[in-house]
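Structure data (mmCIF, C-alpha atoms) from upload_23.cif:
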```cif
data_query
loop_
_atom_site.label_atom_id
_atom_site.label_comp_id
_atom_site.auth_asym_id
_atom_site.auth_seq_id
_atom_site.Cartn_x
_atom_site.Cartn_y
_atom_site.Cartn_z
CA MET T 7 51.05 234.62 -0.28
CA THR T 8 52.39 231.18 -1.18
CA SER T 9 55.41 231.48 1.10
CA HIS T 10 55.64 229.06 4.00
CA ALA T 11 54.87 231.78 6.56
CA GLY T 12 52.01 233.21 4.49
CA LEU T 13 50.36 229.81 4.08
CA MET T 14 50.83 229.06 7.78
CA VAL T 15 48.96 232.26 8.64
CA VAL T 16 46.12 231.43 6.20
CA PHE T 17 45.92 227.87 7.56
CA ALA T 18 45.89 229.16 11.16
CA PHE T 19 43.11 231.60 10.25
CA PHE T 20 40.83 228.91 8.77
CA VAL T 21 41.40 226.47 11.63
CA SER T 22 40.91 229.20 14.27
CA VAL T 23 37.63 230.35 12.72
CA VAL T 24 36.24 226.81 12.63
CA PHE T 25 37.37 225.85 16.14
CA GLY T 26 36.30 229.20 17.60
CA THR T 27 32.83 228.72 16.13
CA LEU T 28 32.68 225.06 17.14
CA MET T 29 33.83 225.41 20.73
CA ARG T 30 31.93 228.53 21.84
CA ASP T 31 28.29 229.58 21.46
CA GLU T 32 28.32 233.36 21.90
CA PRO T 33 29.77 235.36 18.95
CA ARG T 34 31.92 237.47 21.31
CA GLU T 35 33.34 234.35 22.98
CA GLN T 36 33.87 232.75 19.56
CA PHE T 37 35.88 235.76 18.44
CA ARG T 38 38.00 235.84 21.60
CA PHE T 39 38.71 232.10 21.55
CA GLY T 40 39.43 232.15 17.80
CA ALA T 41 41.79 235.14 18.15
CA ARG T 42 43.68 233.44 21.00
CA LEU T 43 43.94 230.24 18.98
CA PHE T 44 45.15 232.15 15.92
CA ALA T 45 47.81 233.97 17.95
CA ALA T 46 48.93 230.68 19.54
CA PHE T 47 49.23 229.03 16.12
CA VAL T 48 51.25 231.85 14.57
CA VAL T 49 53.51 232.58 17.57
CA GLY T 50 53.98 228.84 18.21
CA GLY T 51 54.83 228.22 14.56
CA ILE T 52 57.42 231.01 14.47
CA ALA T 53 58.92 229.92 17.82
CA LEU T 54 59.15 226.31 16.64
CA GLY T 55 60.73 227.48 13.40
CA TRP T 56 63.46 229.33 15.30
CA LEU T 57 64.00 226.40 17.64
CA LEU T 58 64.53 224.10 14.66
CA TYR T 59 66.70 226.67 12.84
CA PRO T 60 70.08 225.16 13.93
CA LEU T 61 69.02 221.66 12.77
CA PRO T 62 70.56 219.64 11.24
CA LEU T 63 73.57 220.42 13.43
CA MET O 24 4.48 202.16 24.24
CA ARG O 25 4.27 201.73 20.46
CA ALA O 26 4.03 205.49 19.97
CA THR O 27 7.16 205.97 22.07
CA THR O 28 9.12 203.47 19.98
CA ALA O 29 7.89 205.11 16.77
CA ASP O 30 8.87 208.53 18.13
CA ARG O 31 12.34 207.26 18.97
CA GLU O 32 12.74 205.74 15.50
CA GLN O 33 11.58 208.99 13.91
CA SER O 34 13.97 210.97 16.09
CA ALA O 35 16.85 208.66 15.15
CA ILE O 36 16.07 208.98 11.43
CA TYR O 37 15.89 212.78 11.82
CA THR O 38 19.27 212.82 13.58
CA TYR O 39 20.90 210.72 10.86
CA LEU O 40 19.38 212.90 8.14
CA ILE O 41 20.83 215.96 9.87
CA CYS O 42 24.24 214.25 9.97
CA LEU O 43 23.98 213.30 6.30
CA ALA O 44 23.13 216.91 5.35
CA ALA O 45 25.94 218.21 7.58
CA TRP O 46 28.42 215.92 5.83
CA ALA O 47 27.14 216.63 2.29
CA ILE O 48 27.13 220.42 2.59
CA PRO O 49 29.42 221.94 5.24
CA GLY O 50 27.28 223.80 7.80
CA ALA O 51 23.95 222.48 6.49
CA GLY O 52 23.33 220.48 9.67
CA HIS O 53 23.61 223.58 11.83
CA LEU O 54 21.46 225.59 9.41
CA LEU O 55 18.73 222.92 9.58
CA LEU O 56 18.95 222.95 13.38
CA GLY O 57 18.46 226.73 13.47
CA ARG O 58 22.08 227.62 14.31
CA VAL O 59 22.33 230.01 11.39
CA GLN O 60 25.47 231.92 12.45
CA LYS O 61 27.44 228.73 13.01
CA GLY O 62 26.10 227.12 9.83
CA VAL O 63 27.01 230.08 7.61
CA THR O 64 30.48 230.31 9.20
CA PHE O 65 31.17 226.61 8.57
CA LEU O 66 29.78 226.79 5.03
CA VAL O 67 31.96 229.73 4.05
CA THR O 68 35.14 228.78 5.94
CA LEU O 69 35.30 225.07 5.10
CA THR O 70 34.34 225.56 1.46
CA LEU O 71 36.94 228.33 1.11
CA MET O 72 39.60 226.19 2.77
CA PHE O 73 38.83 223.30 0.42
CA ALA O 74 38.93 225.60 -2.63
CA PHE O 75 42.22 227.05 -1.35
CA GLY O 76 43.67 223.54 -1.18
CA LEU O 77 42.65 222.93 -4.78
CA TRP O 78 44.16 226.26 -5.83
CA LEU O 79 47.42 225.22 -4.18
CA GLN O 80 47.41 222.18 -6.48
CA GLY O 81 46.74 219.65 -3.75
CA ARG O 82 45.53 216.19 -4.64
CA LEU O 83 42.17 214.55 -3.96
CA PHE O 84 43.47 211.11 -3.12
CA PRO O 85 41.81 207.97 -4.52
CA ILE O 86 40.81 205.16 -2.15
CA GLU O 87 43.65 202.69 -2.65
CA LEU O 88 43.54 199.95 -0.06
CA SER O 89 46.98 198.73 -1.14
CA GLN O 90 48.37 202.03 0.17
CA PRO O 91 46.89 202.58 3.65
CA LEU O 92 48.15 206.16 4.06
CA VAL O 93 46.68 207.17 0.69
CA ALA O 94 43.39 205.50 1.65
CA LEU O 95 43.32 207.43 4.95
CA ALA O 96 44.03 210.69 3.13
CA ALA O 97 41.19 209.85 0.72
CA LEU O 98 38.81 209.29 3.66
CA ALA O 99 39.83 212.66 5.12
CA ASP O 100 39.30 214.33 1.73
CA LEU O 101 35.84 212.74 1.47
CA GLY O 102 34.91 214.34 4.79
CA ILE O 103 34.08 217.60 3.01
CA GLY O 104 31.11 215.97 1.24
CA ILE O 105 29.62 217.17 -2.05
CA PRO O 106 32.40 219.71 -2.82
CA PHE O 107 34.73 216.70 -3.16
CA PHE O 108 32.57 215.18 -5.90
CA ILE O 109 32.06 218.54 -7.63
CA ALA O 110 35.83 219.09 -7.71
CA ARG O 111 36.37 215.57 -9.06
CA ALA O 112 33.71 216.08 -11.74
CA MET O 113 35.38 219.33 -12.79
CA GLY O 114 38.74 217.62 -13.11
CA ALA O 115 40.23 219.53 -10.17
CA GLY O 116 42.35 217.94 -7.48
CA ALA O 117 44.61 215.97 -9.77
CA GLY O 118 47.56 217.27 -7.76
CA ARG O 119 50.86 218.35 -9.28
CA VAL O 120 53.63 216.71 -7.27
CA VAL O 121 56.31 219.05 -8.62
CA ALA O 122 54.35 222.17 -7.64
CA LEU O 123 55.93 224.10 -4.76
CA THR O 124 52.60 224.24 -2.93
CA TYR O 125 51.57 220.58 -3.47
CA GLU O 126 52.02 219.44 0.15
CA TYR O 127 50.44 222.63 1.50
CA GLY O 128 47.44 222.02 -0.77
CA ASN O 129 47.12 218.48 0.57
CA ALA O 130 47.20 219.79 4.15
CA PHE O 131 44.40 222.27 3.38
CA LEU O 132 42.24 219.63 1.64
CA ILE O 133 42.72 216.97 4.32
CA VAL O 134 42.19 219.31 7.28
CA ALA O 135 39.06 220.83 5.66
CA GLY O 136 37.59 217.32 5.39
CA LEU O 137 38.57 216.37 8.95
CA MET O 138 37.14 219.58 10.39
CA ASN O 139 33.86 218.98 8.55
CA MET O 140 33.72 215.57 10.28
CA LEU O 141 33.99 217.41 13.63
CA VAL O 142 31.20 219.74 12.49
CA VAL O 143 29.04 216.67 11.72
CA LEU O 144 29.67 215.34 15.24
CA ASP O 145 28.68 218.73 16.69
CA ALA O 146 25.46 218.69 14.64
CA PHE O 147 24.80 215.15 15.94
CA ASP O 148 25.18 216.33 19.55
CA ILE O 149 22.83 219.27 18.96
CA ALA O 150 20.23 217.04 17.27
CA GLN O 151 20.43 214.66 20.25
CA GLY O 152 19.78 217.55 22.63
CA ARG O 153 23.16 217.33 24.32
CA LYS O 154 24.03 220.95 23.48
#
```
Could you write out this file's structure as structure tokens?
Amino acid sequence: MTSHAGLMVVFAFFVSVVFGTLMRDEPREQFRFGARLFAAFVVGGIALGWLLYPLPL
Amino acid sequence: MRATTADREQSAIYTYLICLAAWAIPGAGHLLLGRVQKGVTFLVTLTLMFAFGLWLQGRLFPIELSQPLVALAALADLGIGIPFFIARAMGAGAGRVVALTYEYGNAFLIVAGLMNMLVVLDAFDIAQGRK
């Protein structure tokens, strides 16, 4: 739970819920937008992690 | 003409009261404006995120003008409203620099405060009739 990846997922969840609720009015749209945001956060975070893996060279 | 001016003043006071409530208790602005689903979501999510930051041993920064970055972090922390003062009163948020999760805790506390500021702006827009 307190691993870097675990905390990133929890952080992404909280931020996605708030932004999904803030940016859309209909509950269905809120869920869809929040889920897309959550996926983007997690996939983006993992991709960035792998990109930075060889650093420092 | 006088009535119109008085109405405007009353409307402005109402808007600022909504914003004050929205800042003090996350989601309260939306609840007062009748947006119950949004208000409850903000109340639960932002409060949980703030509590999570405290659990991760993050620090509630003091306002130190001699250290601008600390002062900015303190302003962001204050964005969450009353939970900030409750945590302070309970002795939470001292922050343990050597804890593994210290920086993560800070990120949770700061972002919870900043997102509540966005929620206040949203409540302001709704109260003004823009949404």
Translate the PyMOL selection byres ((chain O and resi 91-99) around 10), as applied to the file shown, into an explicit residue set as a PyMOL selection string. chain O and resi 82-90+100-103+129-130+132-140
Distance filter 7 Å, only C-alpha atoms, chain T against chain O, as a ChimeraX atom specification: /T:20,24,27
Straight-line distance linking atom CA of Trp46 of chain O with atom CA of Val143 of chain O, stated in Å to one decimal: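 The value is 6.0 Å.
Between Val121 of chain O and the candidates O:Gly81, O:Val59, O:Glu32, O:Gly52, the tightest atom-to-atom separation, counting all atoms listed in the file, involves O:Gly81.
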Distance in Å - atom CA of Val48 of chain T versus atom CA of Gly50 of chain O: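 We find that atom CA of Val48 of chain T and atom CA of Gly50 of chain O lie 26.2 Å from each other.
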In file coordinates, which residues lie within 12 Å of (16.5, 212.3, 13.9) using all atoms listed in the file, given as number ranges by chain? O: 29-44, 52, 55-56, 146-152
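For the structure in this document, the set picked by the PyMOL selection byres ((chain T and resi 44) around 9) is Val15, Ala18, Phe19, Phe20, Val21, Ser22, Val23, Phe39, Gly40, Ala41, Arg42, Leu43, Ala45, Ala46, Phe47, Val48 and Val49 of chain T.
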Using all atoms listed in the file for the distances, tell me which of O:Tyr125, O:Gly57, O:Thr27, O:Arg153 is nearest to Gly76 of chain O.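 Nearest candidate to Gly76 of chain O out of O:Tyr125, O:Gly57, O:Thr27, O:Arg153: O:Tyr125.
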Taking the partial coordinates given, rebuild segment 115-128 of chain O to contain N, CA and C atoms; return it as a short mmCIF file (atom, residue, chain, number, x, y, z; two decimals), keeping the file's coordinate frame.
```cif
data_model
loop_
_atom_site.label_atom_id
_atom_site.label_comp_id
_atom_site.auth_asym_id
_atom_site.auth_seq_id
_atom_site.Cartn_x
_atom_site.Cartn_y
_atom_site.Cartn_z
N ALA O 115 39.30 218.89 -11.11
CA ALA O 115 40.23 219.53 -10.17
C ALA O 115 40.75 218.48 -9.19
N GLY O 116 41.82 218.83 -8.51
CA GLY O 116 42.35 217.94 -7.48
C GLY O 116 43.21 216.81 -8.01
N ALA O 117 43.71 216.99 -9.22
CA ALA O 117 44.61 215.97 -9.77
C ALA O 117 45.95 215.97 -9.01
N GLY O 118 46.33 217.16 -8.53
CA GLY O 118 47.56 217.27 -7.76
C GLY O 118 48.78 217.27 -8.67
N ARG O 119 49.63 218.29 -8.47
CA ARG O 119 50.86 218.35 -9.28
C ARG O 119 52.02 218.22 -8.29
N VAL O 120 52.63 217.02 -8.29
CA VAL O 120 53.63 216.71 -7.27
C VAL O 120 54.81 217.68 -7.31
N VAL O 121 55.15 218.17 -8.51
CA VAL O 121 56.31 219.05 -8.62
C VAL O 121 55.99 220.50 -8.23
N ALA O 122 54.71 220.79 -8.03
CA ALA O 122 54.35 222.17 -7.64
C ALA O 122 54.89 222.46 -6.23
N LEU O 123 55.35 223.69 -6.05
CA LEU O 123 55.93 224.10 -4.76
C LEU O 123 54.91 223.98 -3.62
N THR O 124 53.64 224.19 -3.97
CA THR O 124 52.60 224.24 -2.93
C THR O 124 51.82 222.92 -2.81
N TYR O 125 52.30 221.86 -3.45
CA TYR O 125 51.57 220.58 -3.47
C TYR O 125 51.23 220.07 -2.07
N GLU O 126 52.25 219.98 -1.20
CA GLU O 126 52.02 219.44 0.15
C GLU O 126 51.14 220.37 0.99
N TYR O 127 51.30 221.68 0.79
CA TYR O 127 50.44 222.63 1.50
C TYR O 127 48.99 222.43 1.07
N GLY O 128 48.79 222.26 -0.24
CA GLY O 128 47.44 222.02 -0.77
C GLY O 128 46.82 220.78 -0.15
#
```
